[in-house]
file data_38.json (JSON, C-alpha atoms)
[["chain", "number", "residue", "atom", "x", "y", "z"],
["Q", 1, "MET", "CA", 93.56, 87.77, 191.07],
["Q", 2, "VAL", "CA", 94.88, 89.89, 188.21],
["Q", 3, "GLU", "CA", 97.77, 87.56, 187.38],
["Q", 4, "GLN", "CA", 95.47, 84.55, 186.97],
["Q", 5, "SER", "CA", 93.10, 86.34, 184.61],
["Q", 6, "ASN", "CA", 96.02, 87.64, 182.55],
["Q", 7, "LEU", "CA", 97.50, 84.16, 182.53],
["Q", 8, "ARG", "CA", 94.20, 82.73, 181.32],
["Q", 9, "GLU", "CA", 94.02, 85.35, 178.58],
["Q", 10, "LEU", "CA", 97.62, 84.66, 177.56],
["Q", 11, "SER", "CA", 96.92, 80.95, 177.45],
["Q", 12, "ASN", "CA", 93.82, 81.50, 175.31],
["Q", 13, "THR", "CA", 95.72, 83.75, 172.93],
["Q", 14, "VAL", "CA", 98.51, 81.20, 172.51],
["Q", 15, "GLN", "CA", 95.89, 78.51, 171.83],
["Q", 16, "ASN", "CA", 94.28, 80.75, 169.19],
["Q", 17, "ILE", "CA", 97.66, 81.26, 167.52],
["Q", 18, "LYS", "CA", 98.23, 77.50, 167.59],
["Q", 19, "ASN", "CA", 94.84, 76.97, 165.91],
["Q", 20, "GLU", "CA", 95.72, 79.50, 163.19],
["Q", 21, "VAL", "CA", 99.03, 77.73, 162.54],
["Q", 22, "ASP", "CA", 97.07, 74.48, 162.16],
["Q", 23, "LYS", "CA", 94.89, 76.22, 159.56],
["Q", 24, "LEU", "CA", 98.01, 77.32, 157.69],
["Q", 25, "LYS", "CA", 99.24, 73.74, 157.72],
["Q", 26, "THR", "CA", 95.94, 72.53, 156.29],
["Q", 27, "LEU", "CA", 95.69, 75.23, 153.64],
["Q", 28, "GLY", "CA", 99.26, 75.46, 152.44],
["Q", 29, "GLY", "CA", 101.39, 72.83, 154.11],
["Q", 30, "ASN", "CA", 102.33, 71.36, 150.75],
["Q", 31, "PHE", "CA", 104.46, 74.42, 149.98],
["Q", 32, "LYS", "CA", 107.97, 74.06, 151.36],
["Q", 33, "PHE", "CA", 108.26, 77.69, 152.50],
["Q", 34, "ILE", "CA", 105.01, 77.38, 154.46],
["Q", 35, "GLU", "CA", 106.00, 74.02, 155.91],
["Q", 36, "MET", "CA", 109.32, 75.38, 157.18],
["Q", 37, "ASN", "CA", 107.69, 78.43, 158.73],
["Q", 38, "ILE", "CA", 105.04, 76.26, 160.37],
["Q", 39, "ILE", "CA", 107.84, 74.26, 161.99],
["Q", 40, "ARG", "CA", 109.41, 77.48, 163.32],
["Q", 41, "MET", "CA", 106.09, 78.87, 164.54],
["Q", 42, "SER", "CA", 105.22, 75.58, 166.24],
["Q", 43, "ALA", "CA", 108.52, 75.66, 168.12],
["Q", 44, "MET", "CA", 107.89, 79.24, 169.28],
["Q", 45, "ILE", "CA", 104.35, 78.38, 170.34],
["Q", 46, "LYS", "CA", 105.66, 75.42, 172.35],
["Q", 47, "MET", "CA", 108.11, 77.73, 174.15],
["Q", 48, "LEU", "CA", 105.24, 80.11, 174.97],
["Q", 49, "GLU", "CA", 103.16, 77.22, 176.32],
["Q", 50, "LEU", "CA", 106.05, 76.06, 178.49],
["Q", 51, "GLY", "CA", 106.59, 79.59, 179.78],
["Q", 52, "ILE", "CA", 102.93, 79.97, 180.68],
["Q", 53, "ASN", "CA", 102.98, 76.61, 182.47],
["Q", 54, "ASP", "CA", 106.08, 77.66, 184.41],
["Q", 55, "VAL", "CA", 104.35, 80.85, 185.56],
["Q", 56, "LYS", "CA", 101.26, 78.87, 186.54],
["Q", 57, "ASP", "CA", 103.45, 76.59, 188.64],
["Q", 58, "VAL", "CA", 105.09, 79.55, 190.37],
["Q", 59, "LEU", "CA", 101.76, 81.22, 191.08],
["Q", 60, "GLY", "CA", 100.22, 77.94, 192.13],
["Q", 61, "SER", "CA", 97.26, 78.20, 189.76]]
call {"tool": "encode", "arguments": {"input": "data_38.json", "output": "structure tokens"}}
result
Amino acid sequence: MVEQSNLRELSNTVQNIKNEVDKLKTLGGNFKFIEMNIIRMSAMIKMLELGINDVKDVLGS
């Protein structure tokens, strides 16, 4: 099913973004401007994860 493969790809992409944000935290989390942006990005990533999970629930995957 096309929707499931796209959903899987979306989920993988969001996970990759989350991993990159974790790298930013490790490399530069001691700078306040990076710390604050990491907080914002983490919130946006969480909303993406919730959205993907909602779609999975609707599609029953």
call {"tool": "residues_around", "arguments": {"input": "data_38.json", "residues": "stretch 44-56 of chain Q", "least_positions_apart": "5", "cutoff": "8 Å", "atoms": "all atoms listed in the file", "output": "list in words"}}
result
Leu7, Leu10, Ser11, Val14, Ile17, Lys18 and Ser61 of chain Q
call {"tool": "atom_distance", "arguments": {"input": "data_38.json", "atom1": "atom CA of Q:Ser42", "atom2": "atom CA of Q:Lys23"}}
result
12.3 Å
call {"tool": "residues_around", "arguments": {"input": "data_38.json", "residues": "Q:Asp22", "least_positions_apart": "6", "cutoff": "12 Å", "atoms": "all atoms listed in the file", "output": "PDB file with C-alpha atoms, keeping the file's coordinate frame"}}
result
ATOM      1  CA  GLN Q  15      95.890  78.510 171.830  1.00  0.00           C
ATOM      2  CA  ASN Q  16      94.280  80.750 169.190  1.00  0.00           C
ATOM      3  CA  GLY Q  28      99.260  75.460 152.440  1.00  0.00           C
ATOM      4  CA  GLY Q  29     101.390  72.830 154.110  1.00  0.00           C
ATOM      5  CA  ILE Q  34     105.010  77.380 154.460  1.00  0.00           C
ATOM      6  CA  GLU Q  35     106.000  74.020 155.910  1.00  0.00           C
ATOM      7  CA  ASN Q  37     107.690  78.430 158.730  1.00  0.00           C
ATOM      8  CA  ILE Q  38     105.040  76.260 160.370  1.00  0.00           C
ATOM      9  CA  ILE Q  39     107.840  74.260 161.990  1.00  0.00           C
ATOM     10  CA  MET Q  41     106.090  78.870 164.540  1.00  0.00           C
ATOM     11  CA  SER Q  42     105.220  75.580 166.240  1.00  0.00           C
ATOM     12  CA  ILE Q  45     104.350  78.380 170.340  1.00  0.00           C
TER      13      ILE Q  45
END
call {"tool": "axis_aligned_box", "arguments": {"input": "data_38.json", "around": "stretch 22-37 of chain Q", "padding_each_side": "4 Å", "output": "lines of an AutoDock Vina configuration file"}}
result
center_x = 102.1
center_y = 74.9
center_z = 156.1
size_x = 22.4
size_y = 15.1
size_z = 20.2
call {"tool": "atom_distance", "arguments": {"input": "data_38.json", "atom1": "atom CA of Q:Val58", "atom2": "atom CA of Q:Thr13"}}
result
20.2 Å
call {"tool": "atom_distance", "arguments": {"input": "data_38.json", "atom1": "atom CA of Q:Arg8", "atom2": "atom CA of Q:Arg40"}}
result
24.1 Å
call {"tool": "build_atoms", "arguments": {"input": "data_38.json", "residues": "stretch 10-35 of chain Q", "atoms": "N, CA and C atoms", "output": "PDB file, keeping the file's coordinate frame"}}
result
ATOM      1  N   LEU Q  10      96.415  85.029 178.297  1.00  0.00           N
ATOM      2  CA  LEU Q  10      97.620  84.660 177.560  1.00  0.00           C
ATOM      3  C   LEU Q  10      97.512  83.242 177.015  1.00  0.00           C
ATOM      4  N   SER Q  11      97.064  82.346 177.854  1.00  0.00           N
ATOM      5  CA  SER Q  11      96.920  80.950 177.450  1.00  0.00           C
ATOM      6  C   SER Q  11      95.921  80.819 176.301  1.00  0.00           C
ATOM      7  N   ASN Q  12      94.809  81.529 176.383  1.00  0.00           N
ATOM      8  CA  ASN Q  12      93.820  81.500 175.310  1.00  0.00           C
ATOM      9  C   ASN Q  12      94.376  82.068 174.007  1.00  0.00           C
ATOM     10  N   THR Q  13      95.133  83.139 174.109  1.00  0.00           N
ATOM     11  CA  THR Q  13      95.720  83.750 172.930  1.00  0.00           C
ATOM     12  C   THR Q  13      96.723  82.817 172.263  1.00  0.00           C
ATOM     13  N   VAL Q  14      97.550  82.160 173.065  1.00  0.00           N
ATOM     14  CA  VAL Q  14      98.510  81.200 172.510  1.00  0.00           C
ATOM     15  C   VAL Q  14      97.768  80.052 171.834  1.00  0.00           C
ATOM     16  N   GLN Q  15      96.681  79.583 172.437  1.00  0.00           N
ATOM     17  CA  GLN Q  15      95.890  78.510 171.830  1.00  0.00           C
ATOM     18  C   GLN Q  15      95.286  78.960 170.503  1.00  0.00           C
ATOM     19  N   ASN Q  16      94.827  80.215 170.437  1.00  0.00           N
ATOM     20  CA  ASN Q  16      94.280  80.750 169.190  1.00  0.00           C
ATOM     21  C   ASN Q  16      95.351  80.802 168.100  1.00  0.00           C
ATOM     22  N   ILE Q  17      96.555  81.218 168.479  1.00  0.00           N
ATOM     23  CA  ILE Q  17      97.660  81.260 167.520  1.00  0.00           C
ATOM     24  C   ILE Q  17      97.959  79.850 167.027  1.00  0.00           C
ATOM     25  N   LYS Q  18      97.967  78.902 167.949  1.00  0.00           N
ATOM     26  CA  LYS Q  18      98.230  77.500 167.590  1.00  0.00           C
ATOM     27  C   LYS Q  18      97.169  77.004 166.591  1.00  0.00           C
ATOM     28  N   ASN Q  19      95.917  77.361 166.822  1.00  0.00           N
ATOM     29  CA  ASN Q  19      94.840  76.970 165.910  1.00  0.00           C
ATOM     30  C   ASN Q  19      95.042  77.585 164.520  1.00  0.00           C
ATOM     31  N   GLU Q  20      95.474  78.837 164.476  1.00  0.00           N
ATOM     32  CA  GLU Q  20      95.720  79.500 163.190  1.00  0.00           C
ATOM     33  C   GLU Q  20      96.879  78.839 162.440  1.00  0.00           C
ATOM     34  N   VAL Q  21      97.902  78.436 163.165  1.00  0.00           N
ATOM     35  CA  VAL Q  21      99.030  77.730 162.540  1.00  0.00           C
ATOM     36  C   VAL Q  21      98.545  76.402 161.963  1.00  0.00           C
ATOM     37  N   ASP Q  22      97.656  75.730 162.677  1.00  0.00           N
ATOM     38  CA  ASP Q  22      97.070  74.480 162.160  1.00  0.00           C
ATOM     39  C   ASP Q  22      96.301  74.730 160.869  1.00  0.00           C
ATOM     40  N   LYS Q  23      95.594  75.860 160.793  1.00  0.00           N
ATOM     41  CA  LYS Q  23      94.890  76.220 159.560  1.00  0.00           C
ATOM     42  C   LYS Q  23      95.873  76.423 158.417  1.00  0.00           C
ATOM     43  N   LEU Q  24      96.975  77.114 158.709  1.00  0.00           N
ATOM     44  CA  LEU Q  24      98.010  77.320 157.690  1.00  0.00           C
ATOM     45  C   LEU Q  24      98.520  75.981 157.172  1.00  0.00           C
ATOM     46  N   LYS Q  25      98.739  75.066 158.100  1.00  0.00           N
ATOM     47  CA  LYS Q  25      99.240  73.740 157.720  1.00  0.00           C
ATOM     48  C   LYS Q  25      98.245  73.046 156.788  1.00  0.00           C
ATOM     49  N   THR Q  26      96.972  73.159 157.106  1.00  0.00           N
ATOM     50  CA  THR Q  26      95.940  72.530 156.290  1.00  0.00           C
ATOM     51  C   THR Q  26      95.831  73.181 154.909  1.00  0.00           C
ATOM     52  N   LEU Q  27      95.890  74.509 154.891  1.00  0.00           N
ATOM     53  CA  LEU Q  27      95.690  75.230 153.640  1.00  0.00           C
ATOM     54  C   LEU Q  27      96.909  75.225 152.720  1.00  0.00           C
ATOM     55  N   GLY Q  28      98.094  75.289 153.302  1.00  0.00           N
ATOM     56  CA  GLY Q  28      99.260  75.460 152.440  1.00  0.00           C
ATOM     57  C   GLY Q  28     100.467  74.652 152.834  1.00  0.00           C
ATOM     58  N   GLY Q  29     100.259  73.614 153.623  1.00  0.00           N
ATOM     59  CA  GLY Q  29     101.390  72.830 154.110  1.00  0.00           C
ATOM     60  C   GLY Q  29     102.162  72.084 153.040  1.00  0.00           C
ATOM     61  N   ASN Q  30     101.612  72.028 151.831  1.00  0.00           N
ATOM     62  CA  ASN Q  30     102.330  71.360 150.750  1.00  0.00           C
ATOM     63  C   ASN Q  30     103.391  72.248 150.103  1.00  0.00           C
ATOM     64  N   PHE Q  31     103.402  73.534 150.447  1.00  0.00           N
ATOM     65  CA  PHE Q  31     104.460  74.420 149.980  1.00  0.00           C
ATOM     66  C   PHE Q  31     105.609  74.379 150.982  1.00  0.00           C
ATOM     67  N   LYS Q  32     106.809  74.206 150.488  1.00  0.00           N
ATOM     68  CA  LYS Q  32     107.970  74.060 151.360  1.00  0.00           C
ATOM     69  C   LYS Q  32     108.181  75.285 152.253  1.00  0.00           C
ATOM     70  N   PHE Q  33     108.025  76.484 151.702  1.00  0.00           N
ATOM     71  CA  PHE Q  33     108.260  77.690 152.500  1.00  0.00           C
ATOM     72  C   PHE Q  33     107.237  77.805 153.637  1.00  0.00           C
ATOM     73  N   ILE Q  34     106.010  77.356 153.398  1.00  0.00           N
ATOM     74  CA  ILE Q  34     105.010  77.380 154.460  1.00  0.00           C
ATOM     75  C   ILE Q  34     105.321  76.296 155.488  1.00  0.00           C
ATOM     76  N   GLU Q  35     105.669  75.116 155.006  1.00  0.00           N
ATOM     77  CA  GLU Q  35     106.000  74.020 155.910  1.00  0.00           C
ATOM     78  C   GLU Q  35     107.132  74.389 156.867  1.00  0.00           C
TER      79      GLU Q  35
END
